[in-house]
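K.L.:
Got a file for you: input36.txt, compact mmCIF, C-alpha atoms.
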```
# COMPACT_ATOMS: atom_id res chain seq x y z
CA MET A 1 -10.78 46.12 -93.89
CA ALA A 2 -8.89 43.04 -92.75
CA THR A 3 -7.50 40.66 -95.37
CA MET A 4 -9.18 37.25 -95.11
CA TYR A 5 -7.95 33.95 -96.52
CA TYR A 6 -9.90 30.74 -97.12
CA ASP A 7 -9.25 27.20 -98.36
CA ASN A 8 -8.89 28.29 -101.98
CA ASP A 9 -6.11 30.71 -100.95
CA ALA A 10 -4.03 27.97 -99.30
CA ASP A 11 -2.06 25.25 -101.10
CA LEU A 12 -1.71 22.12 -98.99
CA SER A 13 0.74 20.64 -101.49
CA LEU A 14 3.38 23.06 -100.15
CA LEU A 15 3.56 20.78 -97.12
CA ASP A 16 4.09 17.60 -99.15
CA GLY A 17 7.20 15.76 -98.01
CA LYS A 18 7.65 18.05 -95.00
CA THR A 19 7.66 16.93 -91.38
CA ILE A 20 5.72 19.03 -88.87
CA ALA A 21 6.88 18.87 -85.26
CA ILE A 22 4.28 19.92 -82.71
CA ILE A 23 6.03 20.88 -79.48
CA GLY A 24 3.59 20.21 -76.65
CA TYR A 25 0.42 18.16 -76.50
CA GLY A 26 -1.96 20.18 -74.40
CA SER A 27 -5.14 21.95 -75.48
CA GLN A 28 -3.76 23.49 -78.68
CA GLY A 29 -1.03 20.91 -79.26
CA HIS A 30 -3.33 17.93 -79.55
CA ALA A 31 -5.70 19.82 -81.87
CA HIS A 32 -2.95 21.01 -84.23
CA ALA A 33 -1.28 17.61 -84.33
CA LEU A 34 -4.42 15.57 -84.97
CA ASN A 35 -5.97 18.01 -87.43
CA ALA A 36 -2.76 18.23 -89.47
CA ARG A 37 -2.38 14.44 -89.36
CA ASP A 38 -5.96 14.00 -90.55
CA SER A 39 -5.25 16.44 -93.39
CA GLY A 40 -2.55 14.06 -94.63
CA MET A 41 0.48 15.74 -93.12
CA LYS A 42 3.47 13.95 -91.58
CA VAL A 43 3.33 14.93 -87.92
CA VAL A 44 5.58 14.14 -84.97
CA VAL A 45 5.19 15.36 -81.40
CA GLY A 46 8.01 16.71 -79.25
CA LEU A 47 7.66 16.31 -75.49
CA HIS A 48 10.02 16.55 -72.53
CA ALA A 49 10.87 13.39 -70.62
CA GLY A 50 8.33 12.22 -68.07
CA THR A 51 5.36 14.19 -69.36
CA LYS A 52 1.96 12.59 -68.91
CA SER A 53 1.00 13.73 -72.40
CA ARG A 54 3.24 11.12 -74.01
CA HIS A 55 0.79 8.28 -73.42
CA LYS A 56 -2.10 10.36 -74.73
CA ALA A 57 -0.27 11.30 -77.94
CA GLU A 58 0.83 7.73 -78.55
CA ALA A 59 -2.71 6.46 -77.90
CA ASP A 60 -3.87 8.94 -80.55
CA GLY A 61 -1.55 7.24 -83.02
CA LEU A 62 1.20 9.84 -83.15
CA GLN A 63 4.96 9.36 -83.02
CA VAL A 64 6.47 10.99 -79.95
CA PHE A 65 10.11 12.06 -79.54
CA SER A 66 12.10 14.32 -77.27
CA VAL A 67 11.91 17.99 -78.23
CA ASP A 68 15.50 17.75 -79.51
CA GLU A 69 14.78 14.76 -81.75
CA ALA A 70 11.47 16.09 -83.04
CA THR A 71 13.14 19.38 -83.98
CA LYS A 72 15.97 17.61 -85.82
CA GLN A 73 13.44 15.84 -88.04
CA ALA A 74 11.21 18.81 -88.68
CA ASP A 75 10.83 21.22 -91.55
CA ILE A 76 8.17 23.05 -89.55
CA VAL A 77 8.34 23.42 -85.77
CA MET A 78 5.17 24.68 -84.09
CA ILE A 79 5.75 25.64 -80.43
CA LEU A 80 2.59 25.07 -78.39
CA ILE A 81 3.83 25.00 -74.80
CA HIS A 82 3.20 27.64 -72.14
CA ASP A 83 4.57 31.13 -72.87
CA THR A 84 6.49 31.03 -69.60
CA VAL A 85 8.67 28.04 -70.59
CA GLN A 86 9.03 28.63 -74.32
CA ALA A 87 12.26 30.63 -74.14
CA GLN A 88 14.05 28.03 -72.00
CA VAL A 89 12.90 25.10 -74.14
CA TYR A 90 13.84 27.00 -77.28
CA GLU A 91 17.37 27.74 -76.06
CA GLU A 92 18.01 24.26 -74.68
CA SER A 93 16.32 21.97 -77.20
CA ILE A 94 15.07 23.75 -80.30
CA ALA A 95 17.73 26.30 -81.30
CA PRO A 96 20.63 23.78 -81.37
CA ASN A 97 18.61 21.38 -83.55
CA LEU A 98 16.69 23.71 -85.86
CA LYS A 99 17.38 23.06 -89.55
CA PRO A 100 18.50 26.03 -91.67
CA GLY A 101 15.56 26.84 -93.90
CA ALA A 102 13.01 25.41 -91.49
CA MET A 103 9.95 27.35 -90.38
CA LEU A 104 9.49 28.18 -86.69
CA MET A 105 5.83 28.70 -85.78
CA PHE A 106 3.83 30.02 -82.85
CA ALA A 107 0.16 30.34 -81.91
CA HIS A 108 0.84 33.46 -79.81
CA GLY A 109 3.46 36.11 -80.47
CA PHE A 110 4.53 36.93 -76.89
CA ASN A 111 8.05 35.50 -76.90
CA ILE A 112 8.95 36.77 -80.37
CA HIS A 113 7.42 40.22 -79.98
CA PHE A 114 9.01 40.87 -76.59
CA GLY A 115 12.38 39.41 -77.60
CA GLU A 116 12.46 36.41 -75.28
CA ILE A 117 13.15 34.17 -78.31
CA LYS A 118 15.56 35.37 -81.01
CA PRO A 119 15.54 33.01 -84.01
CA PRO A 120 18.44 32.91 -86.48
CA ALA A 121 18.10 34.74 -89.80
CA THR A 122 18.13 31.42 -91.67
CA VAL A 123 14.60 30.34 -90.70
CA ASP A 124 11.07 31.51 -91.42
CA VAL A 125 9.12 32.67 -88.37
CA SER A 126 5.34 32.73 -88.61
CA MET A 127 2.21 32.43 -86.54
CA VAL A 128 -1.11 30.66 -87.00
CA ALA A 129 -3.39 31.35 -84.05
CA PRO A 130 -6.83 29.70 -83.95
CA LYS A 131 -9.34 31.94 -82.20
CA ALA A 132 -10.75 29.14 -80.07
CA PRO A 133 -9.63 26.76 -77.31
CA GLY A 134 -7.91 23.63 -78.59
CA HIS A 135 -10.79 21.28 -77.83
CA ARG A 136 -13.06 23.40 -80.05
CA VAL A 137 -10.44 23.52 -82.81
CA ARG A 138 -10.49 19.71 -82.81
CA GLU A 139 -14.24 19.25 -82.38
CA VAL A 140 -15.22 21.63 -85.15
CA PHE A 141 -12.61 20.14 -87.50
CA LYS A 142 -13.99 16.65 -86.95
CA GLU A 143 -17.48 17.97 -87.72
CA GLY A 144 -16.21 19.24 -91.09
CA GLY A 145 -15.92 22.89 -90.12
CA GLY A 146 -13.15 25.10 -88.84
CA THR A 147 -12.42 27.86 -86.36
CA PRO A 148 -11.29 31.32 -87.51
CA GLY A 149 -7.61 32.10 -87.08
CA LEU A 150 -4.89 34.71 -87.41
CA LEU A 151 -1.82 34.56 -89.67
CA ALA A 152 1.36 36.59 -89.24
CA VAL A 153 4.90 36.48 -90.61
CA TRP A 154 7.72 37.87 -88.51
CA GLN A 155 10.64 36.68 -90.67
CA ASP A 156 10.50 35.50 -94.28
CA ALA A 157 13.85 33.84 -94.91
CA SER A 158 12.58 31.57 -97.68
CA GLY A 159 10.35 34.03 -99.50
CA THR A 160 7.42 31.64 -99.04
CA ALA A 161 6.69 31.98 -95.32
CA LYS A 162 3.22 33.41 -95.86
CA GLN A 163 2.24 30.66 -98.30
CA LEU A 164 3.56 27.97 -95.96
CA GLY A 165 1.71 29.56 -93.04
CA LEU A 166 -1.53 29.53 -95.02
CA ALA A 167 -0.97 25.87 -95.93
CA TYR A 168 -0.52 25.08 -92.24
CA ALA A 169 -3.67 27.06 -91.39
CA ARG A 170 -5.56 24.95 -93.93
CA ALA A 171 -4.12 21.73 -92.52
CA ILE A 172 -5.57 22.49 -89.06
CA GLY A 173 -8.89 23.74 -90.46
CA CYS A 174 -8.67 27.49 -89.92
CA THR A 175 -9.06 28.47 -93.58
CA ARG A 176 -12.41 26.68 -93.61
CA ALA A 177 -13.74 29.53 -91.47
CA GLY A 178 -11.36 32.30 -92.53
CA VAL A 179 -7.91 33.53 -91.53
CA ILE A 180 -7.14 37.20 -90.90
CA GLU A 181 -3.69 38.53 -91.76
CA THR A 182 -2.08 40.40 -88.86
CA THR A 183 1.34 41.01 -87.30
CA PHE A 184 3.08 39.57 -84.25
CA LYS A 185 2.81 42.99 -82.59
CA GLU A 186 -0.92 43.36 -83.21
CA GLU A 187 -1.80 39.80 -82.19
CA THR A 188 0.27 39.91 -79.02
CA GLU A 189 -0.82 43.31 -77.78
CA THR A 190 -4.51 42.90 -78.58
CA ASP A 191 -4.56 39.38 -77.13
CA LEU A 192 -3.03 40.52 -73.83
CA PHE A 193 -5.32 43.55 -73.71
CA GLY A 194 -8.45 41.47 -74.36
CA GLU A 195 -7.49 38.91 -71.73
CA GLN A 196 -6.73 41.49 -69.07
CA THR A 197 -9.56 43.96 -69.63
CA ILE A 198 -12.53 41.84 -70.76
CA LEU A 199 -12.17 38.10 -71.14
CA CYS A 200 -10.36 37.25 -67.90
CA GLY A 201 -9.68 40.32 -65.80
CA GLY A 202 -12.65 42.59 -66.53
CA VAL A 203 -15.42 40.01 -66.39
CA THR A 204 -14.14 38.30 -63.25
CA GLY A 205 -13.52 41.63 -61.54
CA LEU A 206 -17.09 42.77 -62.20
CA ILE A 207 -18.49 39.40 -61.06
CA ARG A 208 -16.58 39.53 -57.78
CA ALA A 209 -17.46 43.16 -57.11
CA ALA A 210 -21.16 42.73 -57.90
CA PHE A 211 -21.48 39.51 -55.88
CA GLU A 212 -19.73 40.99 -52.86
CA THR A 213 -21.86 44.16 -53.04
CA LEU A 214 -25.09 42.13 -52.88
CA VAL A 215 -23.87 39.85 -50.08
CA LYS A 216 -22.61 42.79 -48.02
CA ALA A 217 -26.04 44.40 -48.42
CA GLY A 218 -27.63 41.31 -46.84
CA TYR A 219 -28.86 39.35 -49.85
CA GLN A 220 -28.49 35.57 -49.93
CA PRO A 221 -25.20 34.44 -51.54
CA GLU A 222 -27.08 31.85 -53.59
CA VAL A 223 -29.36 34.48 -55.12
CA ALA A 224 -26.39 36.78 -55.70
CA TYR A 225 -24.58 33.94 -57.47
CA PHE A 226 -27.41 33.45 -59.94
CA GLU A 227 -27.62 37.17 -60.72
CA CYS A 228 -23.89 37.85 -60.99
CA MET A 229 -22.43 34.59 -62.35
CA HIS A 230 -24.93 31.99 -63.57
CA GLU A 231 -26.95 34.24 -65.88
CA LEU A 232 -23.85 35.68 -67.51
CA LYS A 233 -23.81 32.78 -69.98
CA LEU A 234 -27.24 33.79 -71.30
CA ILE A 235 -25.94 37.26 -72.13
CA VAL A 236 -22.66 36.05 -73.59
CA ASP A 237 -24.51 33.64 -75.88
CA LEU A 238 -26.65 36.51 -77.18
CA LEU A 239 -23.57 38.66 -77.77
CA TYR A 240 -21.79 35.77 -79.51
CA GLU A 241 -24.73 35.11 -81.82
CA GLY A 242 -25.71 38.66 -82.75
CA GLY A 243 -23.55 41.31 -81.17
CA LEU A 244 -24.64 44.13 -78.87
CA SER A 245 -27.77 44.89 -80.90
CA TYR A 246 -29.11 41.35 -80.62
CA MET A 247 -28.45 41.27 -76.89
CA TRP A 248 -30.33 44.57 -76.35
CA TYR A 249 -33.14 43.29 -78.58
CA SER A 250 -33.45 40.08 -76.54
CA VAL A 251 -33.57 41.50 -73.01
CA SER A 252 -36.40 43.43 -71.37
CA ASP A 253 -36.77 47.19 -71.81
CA THR A 254 -36.08 47.56 -68.10
CA ALA A 255 -32.80 45.66 -68.44
CA GLU A 256 -31.91 47.64 -71.56
CA TYR A 257 -32.55 51.04 -69.94
CA GLY A 258 -30.71 50.10 -66.74
CA GLY A 259 -27.89 48.62 -68.79
CA TYR A 260 -27.41 51.84 -70.75
CA LYS A 261 -27.52 53.98 -67.60
CA VAL A 262 -25.06 52.00 -65.49
CA GLY A 263 -23.00 50.68 -68.40
CA ASP A 264 -22.25 54.23 -69.57
CA HIS A 265 -21.22 55.15 -66.03
CA ILE A 266 -18.87 52.16 -65.69
CA GLU A 267 -17.44 52.78 -69.17
CA GLY A 268 -16.64 56.35 -68.26
CA MET A 269 -14.94 55.27 -65.05
CA VAL A 270 -12.63 52.71 -66.66
CA LYS A 271 -11.66 54.23 -70.02
CA GLU A 272 -8.63 56.07 -68.65
CA ASP A 273 -7.52 52.96 -66.77
CA LEU A 274 -7.88 50.85 -69.92
CA ALA A 275 -5.64 53.25 -71.81
CA GLY A 276 -3.05 52.79 -69.06
CA VAL A 277 -3.33 49.00 -69.31
CA LEU A 278 -2.72 49.20 -73.06
CA ARG A 279 0.33 51.46 -72.58
CA GLU A 280 1.90 48.94 -70.17
CA ILE A 281 1.34 46.16 -72.69
CA GLN A 282 2.75 48.17 -75.59
CA ASP A 283 5.87 49.40 -73.80
CA GLY A 284 6.74 45.97 -72.39
CA THR A 285 6.03 46.77 -68.74
CA PHE A 286 3.61 43.87 -68.34
CA ALA A 287 5.83 41.44 -70.26
CA ASN A 288 8.88 42.31 -68.16
CA GLU A 289 6.85 41.98 -64.95
CA TRP A 290 5.47 38.56 -65.97
CA VAL A 291 8.86 37.22 -67.06
CA ALA A 292 10.41 38.38 -63.77
CA GLU A 293 7.51 36.89 -61.77
CA ASN A 294 8.22 33.48 -63.26
CA LYS A 295 11.99 33.71 -62.87
CA ASN A 296 11.52 34.57 -59.19
CA GLY A 297 9.26 31.61 -58.39
CA ARG A 298 5.88 33.36 -58.77
CA PRO A 299 5.81 35.10 -55.35
CA ASN A 300 2.73 37.18 -56.23
CA PHE A 301 0.95 34.91 -58.69
CA ALA A 302 0.84 31.78 -56.51
CA PRO A 303 -0.88 33.32 -53.44
CA ARG A 304 -3.28 35.26 -55.68
CA ARG A 305 -4.29 32.03 -57.44
CA LYS A 306 -4.85 30.36 -54.06
CA ALA A 307 -6.98 33.24 -52.83
CA GLU A 308 -9.20 33.09 -55.92
CA HIS A 309 -10.10 29.46 -55.22
CA SER A 310 -11.11 30.38 -51.65
CA LEU A 311 -13.72 33.03 -52.47
CA LEU A 312 -17.28 32.71 -51.13
CA ILE A 313 -18.65 32.89 -54.68
CA GLU A 314 -16.58 29.81 -55.56
CA GLU A 315 -17.83 27.88 -52.54
CA VAL A 316 -21.48 28.78 -53.17
CA GLY A 317 -21.16 28.29 -56.90
CA ALA A 318 -19.72 24.80 -56.60
CA GLN A 319 -22.63 23.74 -54.39
CA LEU A 320 -25.24 25.19 -56.74
CA ARG A 321 -23.67 23.77 -59.89
CA ASP A 322 -23.71 20.29 -58.34
CA MET A 323 -27.47 20.71 -57.94
CA MET A 324 -27.86 21.31 -61.70
CA PRO A 325 -26.81 18.08 -63.47
CA PHE A 326 -27.55 19.55 -66.90
CA LEU A 327 -24.49 21.78 -66.45
CA LYS A 328 -22.01 18.90 -66.26
CA ALA A 329 -20.22 20.86 -63.56
CA LYS A 330 -16.42 20.96 -63.55
CA HIS A 331 -14.31 20.69 -60.40
CA ILE A 332 -10.81 22.10 -60.66
CA LYS A 333 -8.24 21.09 -58.08
CA GLN A 334 -6.20 23.90 -56.59
CA GLN A 335 -2.89 24.15 -58.48
CA ASP A 336 0.42 24.90 -56.83
```
Once more with this new file: its structure as structure tokens, please.

P.N.:
Amino acid sequence: MATMYYDNDADLSLLDGKTIAIIGYGSQGHAHALNARDSGMKVVVGLHAGTKSRHKAEADGLQVFSVDEATKQADIVMILIHDTVQAQVYEESIAPNLKPGAMLMFAHGFNIHFGEIKPPATVDVSMVAPKAPGHRVREVFKEGGGTPGLLAVWQDASGTAKQLGLAYARAIGCTRAGVIETTFKEETETDLFGEQTILCGGVTGLIRAAFETLVKAGYQPEVAYFECMHELKLIVDLLYEGGLSYMWYSVSDTAEYGGYKVGDHIEGMVKEDLAGVLREIQDGTFANEWVAENKNGRPNFAPRRKAEHSLLIEEVGAQLRDMMPFLKAKHIKQQD
């Protein structure tokens, strides 16, 4: 069984007199900074020159410095910028200014686990990873609750890295819900696998394939959209609330029988492929490919992103969502 930690396992006083530098002020950055500040911690934000986030952080009442200056002040440096730029920012701005004895923190283990960032032996290296998007981490905290999280220690130079990590987890609200102890390896590999096979890759791949199958067979795209995209939320909510059993209990017997029949078939088809996906994550193949893709200007990623925004299901879906005001539909501009 996993080891779980809660508020009574974490001592906030370990952070007394320490300065926490949050590097980045996006989804996770703003939540960590504001939650820790509201827990009584001294927090500064480190941002690169010209970022639009500076005004937002200052409006939220936080002190903002360059990444270099924030790191110089900090006893704890939490890096919450995109994986793809962490190594460069670390080498240029964090490593030269990191105090001996400081703690370097992450919310995802990619750059440590795959060796893109190599901290000195004089610092603690730990991870606190909330299992929720940043806006939920903040919202739930303000409501008096917390989101579950993961805790890992990669390097314990001080002998107290785990205790300090737990104190940080409490400061941002994770120990209110429970924190699971893990490793950088486990968090990184399972996170990538989940994203690629279920949460991002698997679900979207099935949606596209099912929608296109119905449209090719002559069914109206609008009807296909409702069956293959819109109603997915209903099922996900059931799974979220009560697992597979509650979902099967809640749907019709016809849906349950058909789900077993076709689900077993799909599961059998993809199991071998999923094992291959996991191997490429574990042996570094995916990490090396993604690092190279970014260093080379994203020649494959950029056109694939553009193509995704041009799909028929996206065109039809946008029109239908605008007809349902209760959804509060979101419109995302195509990114370069």

K.L.:
Given only C-alpha atoms as the basis, pick out the residue of A:Leu214, A:Ile172, A:Val262, A:Met105 nearest to Tyr90 in chain A.

P.N.:
A:Met105

K.L.:
Taking all atoms of range 89-105 of chain A that the file lists and extending 5 Å past them on each side, where is the centre of the axis-aligned box and how long are its edges? Answer in Å to one decimal, as AutoDock Vina command-line options.

P.N.:
```
--center_x 13.2 --center_y 25.0 --center_z -84.0 --size_x 24.8 --size_y 17.3 --size_z 29.8
```

K.L.:
Do a neighbour search on Glu189 in chain A at 8 Å with only C-alpha atoms, toss out local chain neighbours closer than 4 positions, and write the hits as a PyMOL selection string.

P.N.:
chain A and resi 185+193+278+281-282

K.L.:
Can you tell me which residues surround Ile207 in chain A at a distance of at most 12 Å, considering all atoms listed in the file, apart from same-chain residues fewer than 2 positions away, and format the answer as number ranges by chain?

P.N.:
A: 198-205, 209-214, 224-232, 311, 313-314

K.L.:
Which is closer to Lys99 in chain A than all the others in A:Gln73, A:Ser310, A:Asn300, A:Thr285, using all atoms listed in the file?

P.N.:
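Result for the nearest residue to Lys99 in chain A: A:Gln73.
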
K.L.:
Let me make sure I understand: among A:Leu312, A:Ala292, A:Met1, A:Ala275, which one has the smallest atom-to-atom distance to Thr197 in chain A if we use all atoms listed in the file?

P.N.:
A:Ala275

K.L.:
Go ahead and compute the interatomic distance for CA of Arg37 in chain A and CA of Met127 in chain A, in Å to one decimal.

P.N.:
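Computed distance, CA of Arg37 in chain A to CA of Met127 in chain A, equals 18.8 Å.
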
K.L.:
Enter the distance from CA of Lys72 in chain A to CA of Val43 in chain A, in Å, rounded to one decimal.

P.N.:
13.1 Å

K.L.:
Quote the spacing between CA of Ile180 in chain A and CA of Tyr6 in chain A in Å to one decimal place.

P.N.:
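Distance between the two atoms: 9.4 Å.
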
K.L.:
Name all residues at most 8 Å from Ala132 in chain A (count only C-alpha atoms; drop same-chain ones fewer than 3 positions away) and give them as a PyMOL selection string.

P.N.:
chain A and resi 136-137+147-148

K.L.:
Can you pull out the residues contacting Met4 in chain A? Cut-off 8 Å, using all atoms listed in the file, and skip same-chain residues under 6 positions away; I want them as a count of residues only.

P.N.:
4

K.L.:
From the block you just saw, export range 18-30 of chain A: C-alpha atoms, as a compact mmCIF listing (two decimals), in the first residue's frame.

P.N.:
```
# COMPACT_ATOMS: atom_id res chain seq x y z
CA LYS A 18 12.76 30.70 4.80
CA THR A 19 12.11 32.39 1.47
CA ILE A 20 10.30 30.39 -1.21
CA ALA A 21 10.95 31.39 -4.81
CA ILE A 22 8.31 30.27 -7.28
CA ILE A 23 9.80 30.26 -10.78
CA GLY A 24 6.94 30.86 -13.20
CA TYR A 25 3.45 32.20 -12.68
CA GLY A 26 1.26 30.11 -14.92
CA SER A 27 -1.37 27.56 -13.91
CA GLN A 28 0.66 25.82 -11.20
CA GLY A 29 2.90 28.79 -10.38
CA HIS A 30 0.13 31.12 -9.33
```
